[in-house]
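target-v7.txt follows (compact mmCIF, C-alpha atoms):
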# COMPACT_ATOMS: atom_id res chain seq x y z
CA MET A 1 -3.37 6.36 -24.65
CA TYR A 2 0.16 7.38 -23.85
CA ILE A 3 2.47 5.47 -21.48
CA ILE A 4 5.98 6.33 -20.33
CA ASN A 5 8.14 5.06 -17.47
CA VAL A 6 9.74 7.62 -15.19
CA LYS A 7 13.18 6.17 -16.06
CA ASP A 8 12.67 6.97 -19.74
CA VAL A 9 11.81 10.64 -19.21
CA LYS A 10 14.50 13.30 -19.67
CA GLU A 11 15.77 14.62 -16.35
CA LEU A 12 15.88 18.41 -16.06
CA LYS A 13 17.07 20.54 -13.18
CA THR A 14 15.17 23.28 -11.40
CA PRO A 15 17.07 26.49 -10.57
CA HIS A 16 17.71 25.08 -7.07
CA GLY A 17 19.10 21.69 -8.09
CA LYS A 18 15.97 19.54 -7.83
CA SER A 19 15.55 16.85 -10.47
CA ILE A 20 12.32 17.17 -12.48
CA ARG A 21 10.82 14.89 -15.12
CA TRP A 22 7.67 15.95 -16.99
CA LEU A 23 5.70 12.70 -17.18
CA LEU A 24 2.35 13.86 -18.59
CA SER A 25 2.39 17.38 -19.99
CA LYS A 26 0.44 19.59 -22.35
CA GLU A 27 2.98 18.58 -25.04
CA ILE A 28 1.48 15.07 -25.11
CA GLY A 29 -2.06 16.46 -25.04
CA ALA A 30 -2.91 16.83 -21.34
CA PRO A 31 -5.82 19.28 -21.44
CA ASN A 32 -6.07 20.49 -17.83
CA PHE A 33 -3.20 19.49 -15.54
CA GLU A 34 0.37 18.22 -15.82
CA MET A 35 2.10 15.45 -13.85
CA ARG A 36 5.80 15.66 -12.99
CA TYR A 37 8.20 13.48 -10.99
CA PHE A 38 10.66 15.24 -8.67
CA GLU A 39 13.67 13.95 -6.83
CA ILE A 40 15.45 16.01 -4.24
CA PRO A 41 19.00 14.81 -3.56
CA GLN A 42 20.58 15.12 -0.13
CA GLY A 43 22.12 18.54 0.25
CA ALA A 44 19.99 20.31 -2.38
CA GLU A 45 19.69 24.03 -1.70
CA PRO A 46 16.44 24.75 0.19
CA SER A 47 14.16 27.10 -1.72
CA GLU A 48 10.78 28.56 -0.81
CA ASP A 49 8.14 28.80 -3.53
CA LYS A 50 4.90 30.78 -3.60
CA HIS A 51 2.54 31.02 -6.56
CA PRO A 52 -1.17 31.36 -7.32
CA TRP A 53 -1.66 27.69 -8.27
CA GLU A 54 -1.93 24.56 -6.14
CA HIS A 55 0.25 21.43 -5.85
CA GLU A 56 -1.11 17.91 -5.46
CA VAL A 57 1.75 15.67 -4.40
CA PHE A 58 2.16 11.92 -3.77
CA VAL A 59 5.38 10.62 -2.18
CA VAL A 60 6.78 7.50 -3.86
CA LYS A 61 10.38 7.28 -2.60
CA GLY A 62 12.30 8.08 0.59
CA GLU A 63 11.36 10.63 3.20
CA GLY A 64 11.31 14.39 3.30
CA ILE A 65 10.20 17.46 5.17
CA VAL A 66 7.56 19.87 3.95
CA LYS A 67 7.36 23.37 5.38
CA ALA A 68 4.15 25.19 4.49
CA GLY A 69 1.40 27.23 6.09
CA GLY A 70 3.40 27.74 9.28
CA GLU A 71 3.89 23.98 9.78
CA GLU A 72 6.83 21.63 9.37
CA ARG A 73 5.89 17.99 8.68
CA LYS A 74 7.82 14.83 7.92
CA VAL A 75 6.47 12.91 4.91
CA ARG A 76 7.10 9.41 3.55
CA SER A 77 5.96 7.01 0.83
CA GLY A 78 2.19 6.88 0.55
CA ASP A 79 1.61 10.42 1.82
CA ALA A 80 -0.54 12.73 -0.29
CA ILE A 81 0.06 16.46 0.19
CA PHE A 82 -2.09 19.41 -0.87
CA ILE A 83 -0.45 22.85 -1.03
CA PRO A 84 -3.18 25.46 -1.61
CA PRO A 85 -2.68 28.37 -4.05
CA ASN A 86 -0.53 31.20 -2.65
CA GLU A 87 0.78 29.22 0.34
CA PRO A 88 4.58 29.55 0.69
CA HIS A 89 6.13 26.07 0.73
CA MET A 90 9.45 24.25 0.80
CA PHE A 91 10.31 20.58 0.17
CA LEU A 92 13.52 19.27 1.81
CA ASN A 93 15.48 16.04 1.92
CA VAL A 94 17.43 15.34 5.10
CA ARG A 95 18.45 11.75 4.29
CA LYS A 96 20.99 10.08 1.99
CA GLU A 97 18.34 8.37 -0.13
CA PRO A 98 16.64 10.59 -2.72
CA PHE A 99 13.22 11.98 -1.78
CA GLY A 100 10.93 11.33 -4.75
CA PHE A 101 7.38 12.46 -5.40
CA ILE A 102 4.74 13.05 -8.04
CA CYS A 103 3.57 16.68 -8.28
CA VAL A 104 0.51 17.71 -10.31
CA ILE A 105 -0.15 21.34 -11.29
CA PRO A 106 -2.67 23.14 -13.51
CA LYS A 107 -1.55 23.15 -17.15
CA GLY A 108 1.05 25.69 -18.26
CA CYS A 109 1.93 27.12 -14.84
CA GLU A 110 5.59 26.10 -14.63
CA ASP A 111 6.76 26.16 -18.23
CA TYR A 112 9.88 28.09 -17.23
CA VAL A 113 11.38 24.84 -15.91
CA LYS A 114 10.90 23.20 -19.31
CA GLU A 115 12.33 26.14 -21.23
CA LYS A 116 15.33 26.69 -19.00
CA ASN A 117 16.66 23.22 -19.69
CA GLU A 118 15.85 22.55 -23.29
CA MET B 1 -1.25 22.42 3.75
CA TYR B 2 -3.05 19.14 4.10
CA ILE B 3 -1.31 15.75 4.42
CA ILE B 4 -2.81 12.28 4.60
CA ASN B 5 -1.35 8.81 4.16
CA VAL B 6 -3.09 6.43 1.79
CA LYS B 7 -3.50 3.95 4.67
CA ASP B 8 -5.54 6.47 6.65
CA VAL B 9 -8.06 7.19 3.89
CA LYS B 10 -11.44 5.45 3.88
CA GLU B 11 -11.60 2.67 1.30
CA LEU B 12 -14.65 2.74 -0.94
CA LYS B 13 -15.65 0.32 -3.71
CA THR B 14 -16.47 1.16 -7.29
CA PRO B 15 -19.48 -0.59 -8.86
CA HIS B 16 -17.07 -3.18 -10.33
CA GLY B 17 -15.17 -4.04 -7.14
CA LYS B 18 -12.15 -1.79 -7.47
CA SER B 19 -10.87 -0.21 -4.26
CA ILE B 20 -10.82 3.60 -4.36
CA ARG B 21 -9.49 6.11 -1.83
CA TRP B 22 -10.02 9.84 -2.40
CA LEU B 23 -6.67 11.31 -1.28
CA LEU B 24 -7.01 14.97 -2.33
CA SER B 25 -10.53 16.01 -3.26
CA LYS B 26 -12.66 19.12 -3.60
CA GLU B 27 -13.88 18.41 -0.05
CA ILE B 28 -10.44 19.39 1.31
CA GLY B 29 -10.27 22.41 -0.99
CA ALA B 30 -8.70 21.10 -4.22
CA PRO B 31 -9.72 23.79 -6.74
CA ASN B 32 -9.10 22.09 -10.10
CA PHE B 33 -8.37 18.36 -9.98
CA GLU B 34 -8.74 15.45 -7.57
CA MET B 35 -6.24 12.69 -6.72
CA ARG B 36 -7.39 9.16 -5.91
CA TYR B 37 -5.62 5.89 -5.13
CA PHE B 38 -7.00 2.72 -6.74
CA GLU B 39 -6.25 -0.90 -6.06
CA ILE B 40 -7.53 -3.64 -8.32
CA PRO B 41 -7.54 -7.06 -6.66
CA GLN B 42 -6.92 -10.24 -8.62
CA GLY B 43 -10.17 -11.42 -10.14
CA ALA B 44 -11.97 -8.07 -10.12
CA GLU B 45 -14.65 -7.88 -12.78
CA PRO B 46 -13.27 -6.16 -15.90
CA SER B 47 -15.18 -3.01 -16.80
CA GLU B 48 -14.78 -0.59 -19.68
CA ASP B 49 -15.15 3.13 -18.97
CA LYS B 50 -15.64 6.02 -21.38
CA HIS B 51 -16.24 9.63 -20.38
CA PRO B 52 -15.49 13.15 -21.60
CA TRP B 53 -12.66 13.77 -19.09
CA GLU B 54 -9.07 12.55 -19.01
CA HIS B 55 -7.14 10.32 -16.58
CA GLU B 56 -3.56 10.94 -15.48
CA VAL B 57 -2.30 7.80 -13.79
CA PHE B 58 0.92 6.78 -12.01
CA VAL B 59 1.50 3.13 -11.08
CA VAL B 60 2.87 2.63 -7.56
CA LYS B 61 2.27 -1.07 -6.82
CA GLY B 62 2.25 -4.35 -8.75
CA GLU B 63 1.58 -4.79 -12.43
CA GLY B 64 -1.47 -4.49 -14.59
CA ILE B 65 -2.82 -4.34 -18.10
CA VAL B 66 -4.38 -1.27 -19.68
CA LYS B 67 -6.60 -1.60 -22.70
CA ALA B 68 -7.32 1.71 -24.43
CA GLY B 69 -7.32 3.30 -27.86
CA GLY B 70 -7.14 -0.09 -29.59
CA GLU B 71 -3.99 -1.10 -27.68
CA GLU B 72 -3.30 -3.51 -24.85
CA ARG B 73 -0.22 -2.65 -22.74
CA LYS B 74 1.39 -4.10 -19.63
CA VAL B 75 2.20 -1.48 -16.97
CA ARG B 76 4.30 -1.55 -13.80
CA SER B 77 5.56 0.69 -11.00
CA GLY B 78 6.92 3.95 -12.32
CA ASP B 79 4.73 4.03 -15.43
CA ALA B 80 2.72 7.18 -16.10
CA ILE B 81 -0.40 6.73 -18.25
CA PHE B 82 -2.51 9.34 -20.02
CA ILE B 83 -6.03 8.36 -21.11
CA PRO B 84 -7.45 11.18 -23.28
CA PRO B 85 -11.06 12.36 -22.92
CA ASN B 86 -13.62 10.03 -24.59
CA GLU B 87 -11.19 7.14 -25.08
CA PRO B 88 -12.69 3.81 -23.93
CA HIS B 89 -10.35 2.22 -21.37
CA MET B 90 -10.03 -0.74 -19.03
CA PHE B 91 -7.57 -1.42 -16.18
CA LEU B 92 -6.97 -5.08 -15.29
CA ASN B 93 -4.95 -7.05 -12.75
CA VAL B 94 -3.73 -10.49 -13.84
CA ARG B 95 -1.47 -11.18 -10.84
CA LYS B 96 -1.99 -12.16 -7.21
CA GLU B 97 -0.51 -8.94 -5.84
CA PRO B 98 -2.81 -5.91 -5.92
CA PHE B 99 -2.32 -3.48 -8.81
CA GLY B 100 -2.20 0.01 -7.27
CA PHE B 101 -2.12 3.41 -8.94
CA ILE B 102 -2.75 7.09 -8.47
CA CYS B 103 -5.44 8.50 -10.79
CA VAL B 104 -6.03 12.25 -11.19
CA ILE B 105 -9.21 13.64 -12.78
CA PRO B 106 -10.73 17.11 -13.22
CA LYS B 107 -12.69 18.21 -10.15
CA GLY B 108 -16.21 16.87 -9.66
CA CYS B 109 -16.27 14.38 -12.54
CA GLU B 110 -16.67 11.14 -10.58
CA ASP B 111 -18.66 12.16 -7.52
CA TYR B 112 -21.00 9.19 -7.98
CA VAL B 113 -18.29 6.94 -6.51
CA LYS B 114 -18.19 9.08 -3.36
CA GLU B 115 -21.96 9.20 -3.01
CA LYS B 116 -22.57 5.55 -3.64
CA ASN B 117 -20.47 4.53 -0.66
CA GLU B 118 -21.13 7.15 1.97
Represent the structure from my file as structure tokens, please.
Amino acid sequence: MYIINVKDVKELKTPHGKSIRWLLSKEIGAPNFEMRYFEIPQGAEPSEDKHPWEHEVFVVKGEGIVKAGGEERKVRSGDAIFIPPNEPHMFLNVRKEPFGFICVIPKGCEDYVKEKNE
Amino acid sequence: MYIINVKDVKELKTPHGKSIRWLLSKEIGAPNFEMRYFEIPQGAEPSEDKHPWEHEVFVVKGEGIVKAGGEERKVRSGDAIFIPPNEPHMFLNVRKEPFGFICVIPKGCEDYVKEKNE
């Protein structure tokens, strides 16, 4: 097995200023999907994403807003969120406290975020 | 998108008394992997599992012990755990507070837990 605490994982930045930590990635042997931890600070630049793979998200800290599929919803700790493939989506923080969540994607889909920072 | 809070998901029981909630499953359209929330109460019967698919786990509540790959490790909130395919593993709670974690698996691998309870 492999165990790591979120605090011990290198923090990278997405192009729009979100904090991303790759918790369980193909680099440690994950065969099918990769788990990351995101934090969105207050005031981070909103950015819409759209791509042919899904997100499975679980909120662990703070509150946020998710815009996707023509809806705008407030989310909080304990909420699980599914963003289907090809659905435009945006995650926002409107509070002072960071908005933190786990986000799982199919393996290899977002390697650009690893490469850009290393 | 699809959003649900862990408190609003039906609680099922595994054969060994663990609480399981299917947060994001193939039934709501997840194409590749499924996200569940487990809670292990104090005194739950220990049970070893072994299967040809992996687990990607994130601890969100309490503390527990994971035995896998010849190791025994204490885990707590914020720990991410990877159990490779075919590695025997056991999750235990040795405290009064429930030990709660997210566990992601490839789609369709553990349907027996859904069927057994519905």
Up to 6 Å from chain B, what residues of chain A turn up? Count all atoms listed in the file and give them as number ranges by chain. A: 1-6, 69, 78-83
Just how far from atom CA of B:Gly100 is atom CA of B:Ser19, in Å to one decimal?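 Those two atoms sit 9.2 Å apart.
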Name the residues in contact with A:Val113 at a cut-off of 12 Å, using all atoms listed in the file, excluding same-chain residues fewer than 2 positions from it; report them as number ranges by chain. A: 11-22, 36, 108-111, 115-118
Two-atom distance - atom CA of B:Glu63, atom CA of A:Val9 (Å):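 Between atom CA of B:Glu63 and atom CA of A:Val9 the gap is 19.7 Å.
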